[in-house]
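Below is the file final32.txt, which contains compact mmCIF, C-alpha atoms.
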```
# COMPACT_ATOMS: atom_id res chain seq x y z
CA MET D 1 85.46 34.94 82.80
CA SER D 2 87.74 31.97 82.22
CA ALA D 3 91.30 30.91 82.95
CA GLU D 4 93.85 28.83 81.07
CA ASP D 5 96.78 26.68 82.10
CA LEU D 6 99.38 25.51 79.61
CA THR D 7 102.14 24.32 81.92
CA ASN D 8 100.87 23.65 85.45
CA VAL D 9 101.42 20.04 86.48
CA PRO D 10 100.29 18.24 89.63
CA VAL D 11 100.59 18.44 92.54
CA VAL D 12 101.33 21.83 94.09
CA PRO D 13 101.09 24.10 90.99
CA VAL D 14 97.87 22.63 89.61
CA GLN D 15 96.22 22.48 93.03
CA GLN D 16 97.10 26.07 93.91
CA ASP D 17 96.03 27.27 90.48
CA LEU D 18 92.68 25.50 90.82
CA ALA D 19 92.21 26.81 94.37
CA THR D 20 92.87 30.35 93.12
CA VAL D 21 90.45 30.25 90.20
CA ARG D 22 87.81 28.62 92.44
CA ALA D 23 88.26 31.37 95.06
CA LEU D 24 87.81 33.94 92.28
CA GLY D 25 84.60 32.22 91.19
CA ILE D 26 85.93 31.25 87.77
CA ALA D 27 83.92 28.22 86.66
CA HIS D 28 85.80 27.37 83.45
CA VAL D 29 89.53 26.66 83.28
CA GLU D 30 91.17 25.25 80.20
CA ARG D 31 93.48 22.66 81.73
CA ASN D 32 96.30 21.57 79.40
CA GLY D 33 99.37 21.02 81.59
CA HIS D 34 98.42 17.43 82.39
CA HIS D 35 98.70 16.54 78.69
CA TYR D 36 102.47 17.02 78.85
CA VAL D 37 103.20 14.58 81.68
CA ARG D 38 102.20 11.01 82.55
CA GLY D 39 99.81 11.75 85.37
CA LEU D 40 101.75 12.01 88.63
CA ALA D 41 104.67 9.90 87.34
CA HIS D 42 107.05 12.78 88.13
CA CYS D 43 106.03 12.58 91.81
CA SER D 44 107.42 10.19 94.38
CA PRO D 45 105.31 7.21 95.48
CA ARG D 46 104.73 9.02 98.79
CA GLU D 47 103.41 12.12 96.98
CA ARG D 48 101.16 10.05 94.69
CA ALA D 49 99.66 8.20 97.67
CA ALA D 50 99.15 11.46 99.59
CA ALA D 51 97.54 13.17 96.59
CA VAL D 52 95.06 10.34 96.10
CA ARG D 53 94.36 10.01 99.83
CA ARG D 54 93.95 13.74 100.56
CA HIS D 55 92.41 14.76 97.22
CA GLY D 56 90.45 11.72 96.05
CA ASP D 57 88.00 13.98 94.24
CA LEU D 58 90.83 15.42 92.10
CA TYR D 59 93.12 12.38 91.61
CA THR D 60 92.66 8.67 91.06
CA GLY D 61 95.15 5.84 91.37
CA ASP D 62 97.65 4.82 94.04
CA GLU D 63 101.34 5.18 94.92
CA LEU D 64 102.36 3.35 91.73
CA GLN D 65 100.27 5.30 89.21
CA ALA D 66 98.01 8.29 89.69
CA TRP D 67 96.47 10.94 87.45
CA LEU D 68 93.84 13.68 87.39
CA ARG D 69 90.30 12.37 87.85
CA ILE D 70 88.57 13.92 84.84
CA GLU D 71 84.88 13.03 84.66
CA ASN D 72 82.77 14.33 81.78
CA GLY D 73 85.43 16.95 81.10
CA ARG D 74 85.30 18.28 84.67
CA LEU D 75 87.51 18.26 87.74
CA ARG D 76 86.11 18.22 91.26
CA VAL D 77 88.01 20.57 93.54
CA GLY D 78 86.18 20.37 96.88
CA SER D 79 89.19 18.87 98.66
CA LEU D 80 91.24 21.97 97.79
CA ALA D 81 89.31 23.97 100.43
CA THR D 82 91.94 23.10 103.03
CA PRO D 83 94.73 24.77 104.97
CA GLY D 84 97.92 24.72 102.91
CA TYR D 85 96.53 26.67 99.95
CA GLY D 86 94.94 23.63 98.35
CA VAL D 87 97.70 21.12 99.02
CA ALA D 88 97.02 19.49 102.45
CA PHE D 89 100.35 17.61 102.56
CA GLU D 90 104.05 18.38 102.36
CA PRO D 91 105.82 17.72 99.06
CA ASP D 92 108.39 14.92 99.28
CA LEU D 93 111.45 17.17 99.08
CA ASP D 94 113.85 14.31 99.88
CA ALA D 95 112.76 12.51 96.70
CA MET D 96 113.45 15.51 94.46
CA ILE D 97 116.58 15.73 92.32
CA PRO D 98 118.92 18.41 93.69
CA LEU D 99 119.39 21.28 91.24
CA GLU D 100 123.10 20.57 90.79
CA ARG D 101 122.26 17.01 89.62
CA TRP D 102 119.20 17.91 87.54
CA THR D 103 119.27 17.36 83.76
CA PHE D 104 116.61 16.94 81.13
CA GLU D 105 117.55 13.27 81.02
CA SER D 106 116.80 13.01 84.75
CA LEU D 107 113.13 13.63 83.96
CA GLU D 108 113.00 10.05 82.71
CA ALA D 109 115.04 8.66 85.62
CA GLY D 110 112.08 8.04 87.91
CA GLU D 111 112.99 5.49 90.54
CA SER D 112 116.51 4.94 89.14
CA LEU D 113 117.83 8.31 90.29
CA GLU D 114 121.05 6.76 91.65
CA ALA D 115 122.24 6.36 88.04
CA VAL D 116 122.04 10.12 87.45
```
Show me the file's structure as structure tokens.
Amino acid sequence: MSAEDLTNVPVVPVQQDLATVRALGIAHVERNGHHYVRGLAHCSPRERAAAVRRHGDLYTGDELQAWLRIENGRLRVGSLATPGYGVAFEPDLDAMIPLERWTFESLEAGESLEAV
């Protein structure tokens, strides 16, 4: 049995997906979603720091840059065995772009959201 991901990106979707397949005992997951984003660049600095701090087996980096920790083609998921369905911290909702201001161009806005 295997699983495949084409669009899940960190943090919440990828962590919950990995927690689910681990709970089901699925040992092989084709993980492609991370190829479509620059690590955790879409996350706020607070989220990047929390992801690395709470899930150091799954992510590497710091609040400036962080990404999945892929070693020999594998991800370690031990830190996902936590209350919060694999997340262990609250998403930074205040840093997210409100739906009424969201555009495809805002995906590149990063820290300069005030210009959007």
Exercise for review: Measure the distance from atom CA of Asn32 of chain D to atom CA of Asp57 of chain D in Å and round it to one decimal.
Suggested key: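 One can read the atom CA of Asn32 of chain D to atom CA of Asp57 of chain D distance as 18.6 Å.
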Practice item. Check the smallest atom-to-atom distance from each of D:Gln65, D:Thr7, D:Thr20, D:Thr82 to Tyr36 of chain D using all atoms listed in the file, then report the winner. Key: D:Thr7
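The interatomic distance for the pair atom CA of Gly73 of chain D and atom CA of His28 of chain D works out to 10.7 Å.
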Practice item. To one decimal in Å, tell me the separation between atom CA of Gly56 of chain D and atom CA of Asp94 of chain D. Key: 23.9 Å
**Study point:** Selected residue, from D:Cys43, D:Ile70, D:Leu80, D:Leu58, that lies nearest to Val21 of chain D when counting only C-alpha atoms
**Key:**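 Ranking D:Cys43, D:Ile70, D:Leu80, D:Leu58 by distance to Val21 of chain D, first place goes to D:Leu80.
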Please put the answer as lines of an AutoDock Vina configuration file: centre and edge lengths, in Å with one decimal, of a box along x, y and z that encloses all listed atoms of segment 56-64 of chain D plus 5 Å on each side.
```
center_x = 95.2
center_y = 9.4
center_z = 93.6
size_x = 24.4
size_y = 22.1
size_z = 15.0
```
Point to revise | Neighbours of point (94.0, 12.7, 98.3) within 12 Å, using all atoms listed in the file, written as a PyMOL selection string | key: chain D and resi 11+15+46-63+66-69+76-80+82+86-89
Dump of C-alpha atoms for the selected residues, as a PDB file, in the coordinates of the input:
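To be explicit, this is the file written out as again-v3.pdb:
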```
ATOM      1  CA  VAL D  11     100.590  18.440  92.540  1.00  0.00           C
ATOM      2  CA  GLN D  15      96.220  22.480  93.030  1.00  0.00           C
ATOM      3  CA  ARG D  46     104.730   9.020  98.790  1.00  0.00           C
ATOM      4  CA  GLU D  47     103.410  12.120  96.980  1.00  0.00           C
ATOM      5  CA  ARG D  48     101.160  10.050  94.690  1.00  0.00           C
ATOM      6  CA  ALA D  49      99.660   8.200  97.670  1.00  0.00           C
ATOM      7  CA  ALA D  50      99.150  11.460  99.590  1.00  0.00           C
ATOM      8  CA  ALA D  51      97.540  13.170  96.590  1.00  0.00           C
ATOM      9  CA  VAL D  52      95.060  10.340  96.100  1.00  0.00           C
ATOM     10  CA  ARG D  53      94.360  10.010  99.830  1.00  0.00           C
ATOM     11  CA  ARG D  54      93.950  13.740 100.560  1.00  0.00           C
ATOM     12  CA  HIS D  55      92.410  14.760  97.220  1.00  0.00           C
ATOM     13  CA  GLY D  56      90.450  11.720  96.050  1.00  0.00           C
ATOM     14  CA  ASP D  57      88.000  13.980  94.240  1.00  0.00           C
ATOM     15  CA  LEU D  58      90.830  15.420  92.100  1.00  0.00           C
ATOM     16  CA  TYR D  59      93.120  12.380  91.610  1.00  0.00           C
ATOM     17  CA  THR D  60      92.660   8.670  91.060  1.00  0.00           C
ATOM     18  CA  GLY D  61      95.150   5.840  91.370  1.00  0.00           C
ATOM     19  CA  ASP D  62      97.650   4.820  94.040  1.00  0.00           C
ATOM     20  CA  GLU D  63     101.340   5.180  94.920  1.00  0.00           C
ATOM     21  CA  ALA D  66      98.010   8.290  89.690  1.00  0.00           C
ATOM     22  CA  TRP D  67      96.470  10.940  87.450  1.00  0.00           C
ATOM     23  CA  LEU D  68      93.840  13.680  87.390  1.00  0.00           C
ATOM     24  CA  ARG D  69      90.300  12.370  87.850  1.00  0.00           C
ATOM     25  CA  ARG D  76      86.110  18.220  91.260  1.00  0.00           C
ATOM     26  CA  VAL D  77      88.010  20.570  93.540  1.00  0.00           C
ATOM     27  CA  GLY D  78      86.180  20.370  96.880  1.00  0.00           C
ATOM     28  CA  SER D  79      89.190  18.870  98.660  1.00  0.00           C
ATOM     29  CA  LEU D  80      91.240  21.970  97.790  1.00  0.00           C
ATOM     30  CA  THR D  82      91.940  23.100 103.030  1.00  0.00           C
ATOM     31  CA  GLY D  86      94.940  23.630  98.350  1.00  0.00           C
ATOM     32  CA  VAL D  87      97.700  21.120  99.020  1.00  0.00           C
ATOM     33  CA  ALA D  88      97.020  19.490 102.450  1.00  0.00           C
ATOM     34  CA  PHE D  89     100.350  17.610 102.560  1.00  0.00           C
TER      35      PHE D  89
END
```
**Study point:** Shortest interatomic distance to Gly25 of chain D - which of D:Val12, D:Leu6, D:Leu40, D:Met1, counting all atoms listed in the file
**Key:**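 Of D:Val12, D:Leu6, D:Leu40, D:Met1, the one nearest Gly25 of chain D is D:Met1, counting all atoms listed in the file.
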Practice item. Name the closest residue to Gln16 of chain D among the candidates D:Gly39, D:Pro98, D:Pro91, D:Gly84; distances are taken between atoms, counting only C-alpha atoms. Key: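 That would be D:Gly84, the residue with the smallest distance to Gln16 of chain D.
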Review point. Between D:His34, D:Asn72, D:Tyr85, D:Pro45, which has the minimum distance to Asp17 of chain D (counting all atoms listed in the file)?
Key: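 Ranked by minimum distance to Asp17 of chain D, first place goes to D:Tyr85.
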Practice item. For Gly33 of chain D, list every protein, DNA or RNA residue within 10 Å, evaluated using only C-alpha atoms, and leave out those in the same chain fewer than 6 positions away; present the list as number ranges by chain. Key: D: 4-10, 14
Next, the residues of the selection above should be written as a CSV table (one decimal), in the coordinates of the input with C-alpha atoms.
```
chain,number,residue,atom,x,y,z
D,4,GLU,CA,93.8,28.8,81.1
D,5,ASP,CA,96.8,26.7,82.1
D,6,LEU,CA,99.4,25.5,79.6
D,7,THR,CA,102.1,24.3,81.9
D,8,ASN,CA,100.9,23.6,85.4
D,9,VAL,CA,101.4,20.0,86.5
D,10,PRO,CA,100.3,18.2,89.6
D,14,VAL,CA,97.9,22.6,89.6
```
Just segment 90-102 of chain D, please, as a CSV table (one decimal), in the first residue's frame (only N, CA, C and O atoms).
```csv
chain,number,residue,atom,x,y,z
D,90,GLU,N,-0.2,26.6,16.8
D,90,GLU,CA,-1.2,27.3,16.1
D,90,GLU,C,-0.7,28.0,14.8
D,90,GLU,O,0.3,28.6,14.9
D,91,PRO,N,-1.4,27.8,13.7
D,91,PRO,CA,-1.0,28.6,12.5
D,91,PRO,C,-1.0,30.1,12.8
D,91,PRO,O,-1.8,30.5,13.7
D,92,ASP,N,-0.2,30.9,12.2
D,92,ASP,CA,-0.2,32.3,12.4
D,92,ASP,C,-1.2,33.0,11.5
D,92,ASP,O,-1.0,33.5,10.5
D,93,LEU,N,-2.5,32.9,12.0
D,93,LEU,CA,-3.6,33.4,11.2
D,93,LEU,C,-3.5,34.9,11.0
D,93,LEU,O,-3.9,35.4,9.9
D,94,ASP,N,-2.9,35.7,11.9
D,94,ASP,CA,-2.8,37.1,11.7
D,94,ASP,C,-1.9,37.5,10.5
D,94,ASP,O,-2.0,38.6,10.0
D,95,ALA,N,-1.0,36.6,10.2
D,95,ALA,CA,0.0,36.9,9.1
D,95,ALA,C,-0.6,36.5,7.7
D,95,ALA,O,0.0,36.8,6.7
D,96,MET,N,-1.8,35.8,7.7
D,96,MET,CA,-2.3,35.4,6.5
D,96,MET,C,-3.1,36.5,5.7
D,96,MET,O,-3.6,37.4,6.4
D,97,ILE,N,-3.1,36.4,4.4
D,97,ILE,CA,-3.8,37.4,3.6
D,97,ILE,C,-5.3,37.2,3.7
D,97,ILE,O,-5.7,36.1,3.3
D,98,PRO,N,-6.1,38.1,4.1
D,98,PRO,CA,-7.5,37.9,4.1
D,98,PRO,C,-8.0,37.6,2.7
D,98,PRO,O,-7.5,38.1,1.7
D,99,LEU,N,-9.0,36.7,2.6
D,99,LEU,CA,-9.5,36.3,1.3
D,99,LEU,C,-9.9,37.4,0.4
D,99,LEU,O,-9.6,37.4,-0.8
D,100,GLU,N,-10.5,38.5,0.9
D,100,GLU,CA,-10.9,39.6,0.1
D,100,GLU,C,-9.7,40.4,-0.5
D,100,GLU,O,-9.9,41.1,-1.5
D,101,ARG,N,-8.5,40.2,0.0
D,101,ARG,CA,-7.3,40.9,-0.5
D,101,ARG,C,-6.4,39.9,-1.3
D,101,ARG,O,-5.4,40.3,-1.8
D,102,TRP,N,-6.8,38.6,-1.3
D,102,TRP,CA,-5.9,37.6,-1.9
D,102,TRP,C,-5.9,37.7,-3.4
D,102,TRP,O,-7.0,37.8,-4.0
```
